[in-house]
$ cat data_9.txt   # compact mmCIF, C-alpha atoms
# COMPACT_ATOMS: atom_id res chain seq x y z
CA MET A 1 -3.90 -25.29 -2.20
CA ASP A 2 -1.52 -24.51 0.71
CA HIS A 3 -0.37 -21.40 -1.15
CA GLU A 4 -3.96 -20.14 -1.35
CA ILE A 5 -4.45 -20.64 2.39
CA VAL A 6 -1.24 -18.77 3.22
CA TYR A 7 -2.27 -15.96 0.87
CA HIS A 8 -5.70 -15.74 2.54
CA ILE A 9 -4.17 -15.61 6.03
CA ASP A 10 -1.59 -13.07 4.86
CA THR A 11 -4.33 -10.90 3.33
CA GLN A 12 -6.44 -11.17 6.48
CA LEU A 13 -3.52 -10.05 8.68
CA TYR A 14 -2.77 -7.28 6.24
CA LEU A 15 -6.35 -6.01 6.41
CA GLU A 16 -6.36 -6.13 10.22
CA ILE A 17 -3.24 -3.93 10.34
CA TYR A 18 -5.05 -1.25 8.35
CA MET A 19 -8.49 -1.58 9.96
CA ASN A 20 -8.13 1.58 12.08
CA GLN A 21 -6.45 3.60 9.36
CA LYS A 22 -8.04 5.72 6.67
CA PHE A 23 -7.14 6.86 3.21
CA VAL A 24 -8.21 9.93 1.33
CA LEU A 25 -9.34 10.02 -2.28
CA VAL A 26 -8.70 13.27 -4.12
CA PHE A 27 -10.36 14.05 -7.46
CA SER A 28 -7.79 16.37 -9.00
CA GLY A 29 -6.69 17.82 -12.32
CA GLU A 30 -3.10 18.15 -11.08
CA GLY A 31 -0.31 16.38 -12.91
CA LEU A 32 2.82 14.93 -11.35
CA SER A 33 4.87 18.10 -11.94
CA THR A 34 2.34 20.23 -10.00
CA LEU A 35 2.15 17.61 -7.25
CA GLU A 36 5.95 17.67 -6.96
CA GLN A 37 6.07 21.48 -6.85
CA ARG A 38 3.57 21.53 -3.98
CA GLY A 39 4.87 18.44 -2.22
CA GLY A 40 1.36 17.05 -2.50
CA THR A 41 -2.10 17.98 -3.70
CA GLY A 42 -3.93 21.24 -3.06
CA ASN A 43 -5.74 23.68 -2.75
CA TRP A 44 -8.51 22.05 -0.75
CA VAL A 45 -11.03 23.20 1.83
CA ILE A 46 -10.45 20.58 4.52
CA LYS A 47 -10.11 20.31 8.29
CA ASN A 48 -6.81 19.13 9.74
CA ASP A 49 -8.58 16.87 12.25
CA SER A 50 -10.10 14.89 9.35
CA PHE A 51 -6.59 13.50 8.80
CA LEU A 52 -5.96 12.05 12.27
CA HIS A 53 -5.75 8.42 11.10
CA VAL A 54 -4.95 8.91 7.42
CA SER A 55 -2.17 6.73 5.95
CA TYR A 56 -2.56 7.11 2.18
CA VAL A 57 -3.80 9.56 -0.42
CA LEU A 58 -5.17 8.15 -3.68
CA ILE A 59 -5.19 10.76 -6.44
CA ILE A 60 -7.72 10.29 -9.21
CA ARG A 61 -7.71 12.28 -12.47
CA ASN A 62 -10.34 14.99 -12.94
CA LEU A 63 -10.21 16.29 -16.50
CA LYS A 64 -13.29 18.44 -15.98
CA GLN A 65 -11.43 20.74 -13.62
CA SER A 66 -10.23 24.10 -14.94
CA PHE A 67 -6.87 23.69 -16.67
CA PRO A 68 -6.30 19.99 -15.98
CA ASP A 69 -2.85 18.53 -16.62
CA ASN A 70 -3.45 15.51 -18.83
CA LYS A 71 -0.02 15.17 -20.45
CA ASP A 72 0.51 11.77 -18.83
CA GLY A 73 -2.40 10.10 -20.65
CA TYR A 74 -4.53 9.14 -17.65
CA GLU A 75 -8.25 9.41 -18.30
CA HIS A 76 -11.00 11.20 -16.37
CA GLY A 77 -11.87 9.22 -13.23
CA GLN A 78 -8.73 7.07 -13.40
CA ALA A 79 -6.59 6.45 -10.30
CA PHE A 80 -3.02 7.35 -11.19
CA LEU A 81 -1.00 8.00 -8.05
CA LEU A 82 -0.92 6.68 -4.50
CA GLY A 83 0.87 8.75 -1.87
CA LYS A 84 1.91 8.14 1.71
CA TYR A 85 0.25 10.89 3.72
CA HIS A 86 2.66 13.25 5.50
CA GLU A 87 0.76 16.31 6.74
CA VAL A 88 -1.72 19.06 5.93
CA LYS A 89 -0.23 22.52 5.38
CA GLN A 90 -1.67 25.93 4.72
CA SER A 91 -1.80 26.78 1.02
CA LYS A 92 0.34 29.67 -0.16
CA GLU A 93 -2.23 30.42 -2.84
CA ALA A 94 -5.36 30.96 -0.72
CA SER A 95 -5.80 31.57 3.01
CA ASN A 96 -8.82 29.28 3.32
CA ARG A 97 -7.22 26.34 1.45
CA LYS A 98 -4.86 23.52 2.43
CA VAL A 99 -2.30 21.29 0.73
CA ILE A 100 -2.26 17.57 1.52
CA GLN A 101 1.44 16.75 1.56
CA ILE A 102 2.80 13.30 0.84
CA SER A 103 6.22 11.87 1.73
CA GLU A 104 6.41 9.19 -0.96
CA PHE A 105 4.36 8.24 -4.00
CA ALA A 106 3.84 5.35 -6.35
CA ARG A 107 2.51 5.71 -9.89
CA LEU A 108 -0.28 3.31 -10.64
CA PRO A 109 -0.18 1.36 -13.90
CA GLN A 110 -2.19 2.40 -16.94
CA LYS A 111 -4.67 -0.45 -16.53
CA ASN A 112 -8.33 -0.53 -17.53
CA SER A 113 -9.17 -1.68 -14.01
CA PHE A 114 -8.22 1.77 -12.62
CA LYS A 115 -10.19 3.79 -15.19
CA ASN A 116 -13.41 4.15 -13.18
CA ALA A 117 -11.84 4.54 -9.74
CA TRP A 118 -13.77 7.66 -8.71
CA GLU A 119 -17.09 6.12 -9.71
CA GLU A 120 -16.32 2.76 -8.07
CA LEU A 121 -14.93 4.11 -4.80
CA THR A 122 -17.24 7.10 -4.23
CA GLU A 123 -20.32 6.34 -6.34
CA SER A 124 -19.41 9.47 -8.36
CA GLN A 125 -19.88 11.87 -5.46
CA ARG A 126 -19.59 15.54 -6.41
CA TYR A 127 -17.30 16.73 -3.58
CA PRO A 128 -13.67 16.11 -4.67
CA ILE A 129 -12.45 14.68 -1.33
CA ALA A 130 -13.57 11.34 0.13
CA TYR A 131 -12.44 9.51 3.26
CA LYS A 132 -12.43 5.70 3.33
CA GLU A 133 -11.10 2.86 5.46
CA SER A 134 -7.60 1.72 4.44
CA ALA A 135 -8.81 -1.89 4.30
CA GLU A 136 -11.00 -0.82 1.36
CA LEU A 137 -7.96 0.61 -0.43
CA VAL A 138 -5.95 -2.58 0.18
CA LYS A 139 -8.80 -4.67 -1.22
CA TYR A 140 -9.27 -2.32 -4.20
CA LEU A 141 -5.57 -2.60 -5.11
CA GLU A 142 -5.32 -6.34 -4.48
CA ASP A 143 -8.39 -6.96 -6.64
CA ARG A 144 -6.33 -5.35 -9.42
CA GLY A 145 -3.22 -7.42 -8.72
CA ILE A 146 -1.31 -4.80 -6.71
CA ARG A 147 0.08 -5.13 -3.18
CA LEU A 148 1.21 -2.05 -1.25
CA GLU A 149 4.54 -3.63 -0.33
CA HIS A 150 5.30 -4.34 -4.01
CA LEU A 151 4.76 -0.78 -5.25
CA HIS A 152 7.79 1.24 -6.36
CA TRP A 153 7.81 4.16 -3.91
CA GLU A 154 9.54 7.39 -4.90
CA LYS A 155 10.44 10.16 -2.44
CA MET A 156 8.41 13.34 -2.77
CA GLN A 157 10.70 16.33 -2.57
CA PRO A 158 9.57 19.00 -0.10
CA PRO A 159 7.99 21.97 -1.84
CA GLN A 160 10.28 24.83 -2.71
CA GLU A 161 9.80 27.46 -0.02
CA GLU A 162 9.24 31.06 -1.01
CA ASN A 163 11.49 31.99 1.90
CA ASN A 164 14.48 30.84 -0.14
CA LEU A 165 14.10 33.93 -2.32
CA PRO A 166 16.12 37.03 -1.42
CA SER A 167 13.91 39.46 0.49
CA ASN A 168 14.19 42.19 -2.15
CA THR A 169 12.80 39.90 -4.90
CA HIS A 170 9.73 38.75 -2.96
CA THR A 171 6.71 40.96 -3.45
CA PRO A 172 3.54 39.99 -1.62
CA SER A 173 0.50 39.40 -3.79
CA LEU A 174 -3.01 38.15 -3.27
CA SER A 175 -4.52 35.20 -5.07
CA LEU A 176 -7.85 35.54 -6.83
CA ALA A 177 -9.52 33.60 -3.99
CA ASP A 178 -8.04 35.99 -1.40
CA ILE A 179 -9.20 39.02 -3.40
CA ILE A 180 -12.73 37.60 -3.59
CA ASN A 181 -12.73 36.79 0.15
CA GLU A 182 -11.54 40.30 0.99
CA ALA A 183 -14.25 41.81 -1.24
CA ARG A 184 -16.92 39.72 0.50
CA LYS A 185 -15.79 41.01 3.91
CA ASN A 186 -16.19 44.62 2.78
$ encode --input "data_9.txt" --output "structure tokens"
Amino acid sequence: MDHEIVYHIDTQLYLEIYMNQKFVLVFSGEGLSTLEQRGGTGNWVIKNDSFLHVSYVLIIRNLKQSFPDNKDGYEHGQAFLLGKYHEVKQSKEASNRKVIQISEFARLPQKNSFKNAWEELTESQRYPIAYKESAELVKYLEDRGIRLEHLHWEKMQPPQEENNLPSNTHTPSLSLADIINEARKN
């Protein structure tokens, strides 16, 4: 009985710490290798000021996206990776897109309780980015037997910069999105 009371008080304190923080849900077809190459998840149309109080990024599998990476076995709508938010950077692939970079990440277990994460947390909204209170994330994870402090966090390597290439090997090119945007302007 005393253990339950301590756990309840501990959980309450834990929730209060995160009350003013937010987390972002991303519905993405990216696999871990792509996330590591970018240092996070991208290419999103987002505003930097939307990330003022963001602490975490929860990445949920979208297998209906063009060319999804499903080699890891996670199903459509399943939460598979939690990242500690680092910053938003301009995408190298499209001028109007951003990459949400993370400093560390934890892989979530292949549990049935994570399989309908997008539906449960966003009511299946169509836009692939959602902003929520961090207390909701803490509760979501704890309801599935996971505590943030018990996750195995791995460092996300910074993305490989194109500037590391010798200048004579780098040839500028436009992405398909940039070509389309340029065509619309003309």
$ axis_aligned_box --input "data_9.txt" --around "region 38-47 of chain A" --padding-each-side "5 Å" --output "AutoDock Vina command-line options"
--center_x -3.1 --center_y 20.4 --center_z 2.2 --size_x 25.9 --size_y 16.6 --size_z 22.3
$ residues_around --input "data_9.txt" --residues "Val45 (chain A)" --least-positions-apart "2" --cutoff "10 Å" --atoms "only C-alpha atoms" --output "mmCIF file with C-alpha atoms, in the frame of the given file"
data_model
loop_
_atom_site.group_PDB
_atom_site.id
_atom_site.type_symbol
_atom_site.label_atom_id
_atom_site.label_comp_id
_atom_site.auth_asym_id
_atom_site.auth_seq_id
_atom_site.Cartn_x
_atom_site.Cartn_y
_atom_site.Cartn_z
ATOM 1 C CA GLY A 42 -3.930 21.240 -3.060
ATOM 2 C CA ASN A 43 -5.740 23.680 -2.750
ATOM 3 C CA LYS A 47 -10.110 20.310 8.290
ATOM 4 C CA ASN A 48 -6.810 19.130 9.740
ATOM 5 C CA SER A 91 -1.800 26.780 1.020
ATOM 6 C CA ALA A 94 -5.360 30.960 -0.720
ATOM 7 C CA SER A 95 -5.800 31.570 3.010
ATOM 8 C CA ASN A 96 -8.820 29.280 3.320
ATOM 9 C CA ARG A 97 -7.220 26.340 1.450
ATOM 10 C CA LYS A 98 -4.860 23.520 2.430
ATOM 11 C CA VAL A 99 -2.300 21.290 0.730
ATOM 12 C CA PRO A 128 -13.670 16.110 -4.670
ATOM 13 C CA ILE A 129 -12.450 14.680 -1.330
#
$ closest_residue --input "data_9.txt" --among "A:Tyr140, A:Trp153, A:Phe105, A:Phe27" --to "Gly77 (chain A)" --atoms "all atoms listed in the file"
A:Phe27
$ atom_distance --input "data_9.txt" --atom1 "CA of Glu104 (chain A)" --atom2 "CA of Glu142 (chain A)"
19.8 Å
$ atom_distance --input "data_9.txt" --atom1 "CA of Asp69 (chain A)" --atom2 "CA of Gly29 (chain A)"
5.8 Å
$ decode --input "data_9.txt" --residues "region 69-80 of chain A" --atoms "N, CA and C atoms" --output "short mmCIF file (atom, residue, chain, number, x, y, z; two decimals), in the first residue's frame"
data_model
loop_
_atom_site.label_atom_id
_atom_site.label_comp_id
_atom_site.auth_asym_id
_atom_site.auth_seq_id
_atom_site.Cartn_x
_atom_site.Cartn_y
_atom_site.Cartn_z
N ASP A 69 10.02 3.04 -45.18
CA ASP A 69 11.05 2.10 -44.76
C ASP A 69 10.44 1.23 -43.67
N ASN A 70 10.08 0.00 -44.01
CA ASN A 70 9.45 -0.88 -43.03
C ASN A 70 10.28 -2.12 -42.75
N LYS A 71 11.59 -2.01 -42.89
CA LYS A 71 12.47 -3.15 -42.66
C LYS A 71 12.51 -3.59 -41.20
N ASP A 72 12.15 -2.68 -40.29
CA ASP A 72 12.26 -2.98 -38.86
C ASP A 72 11.04 -3.71 -38.30
N GLY A 73 9.98 -3.88 -39.11
CA GLY A 73 8.84 -4.66 -38.67
C GLY A 73 7.76 -3.89 -37.93
N TYR A 74 7.91 -2.60 -37.74
CA TYR A 74 6.86 -1.83 -37.08
C TYR A 74 5.70 -1.64 -38.04
N GLU A 75 4.49 -1.67 -37.51
CA GLU A 75 3.29 -1.60 -38.33
C GLU A 75 2.82 -0.15 -38.52
N HIS A 76 1.92 0.03 -39.47
CA HIS A 76 1.33 1.34 -39.74
C HIS A 76 0.61 1.85 -38.49
N GLY A 77 0.92 3.09 -38.08
CA GLY A 77 0.30 3.69 -36.92
C GLY A 77 0.97 3.37 -35.60
N GLN A 78 2.05 2.59 -35.63
CA GLN A 78 2.72 2.15 -34.41
C GLN A 78 3.83 3.12 -34.02
N ALA A 79 3.85 3.52 -32.73
CA ALA A 79 4.94 4.34 -32.20
C ALA A 79 6.19 3.47 -32.13
N PHE A 80 7.31 3.97 -32.65
CA PHE A 80 8.51 3.14 -32.64
C PHE A 80 9.75 3.84 -32.11
#
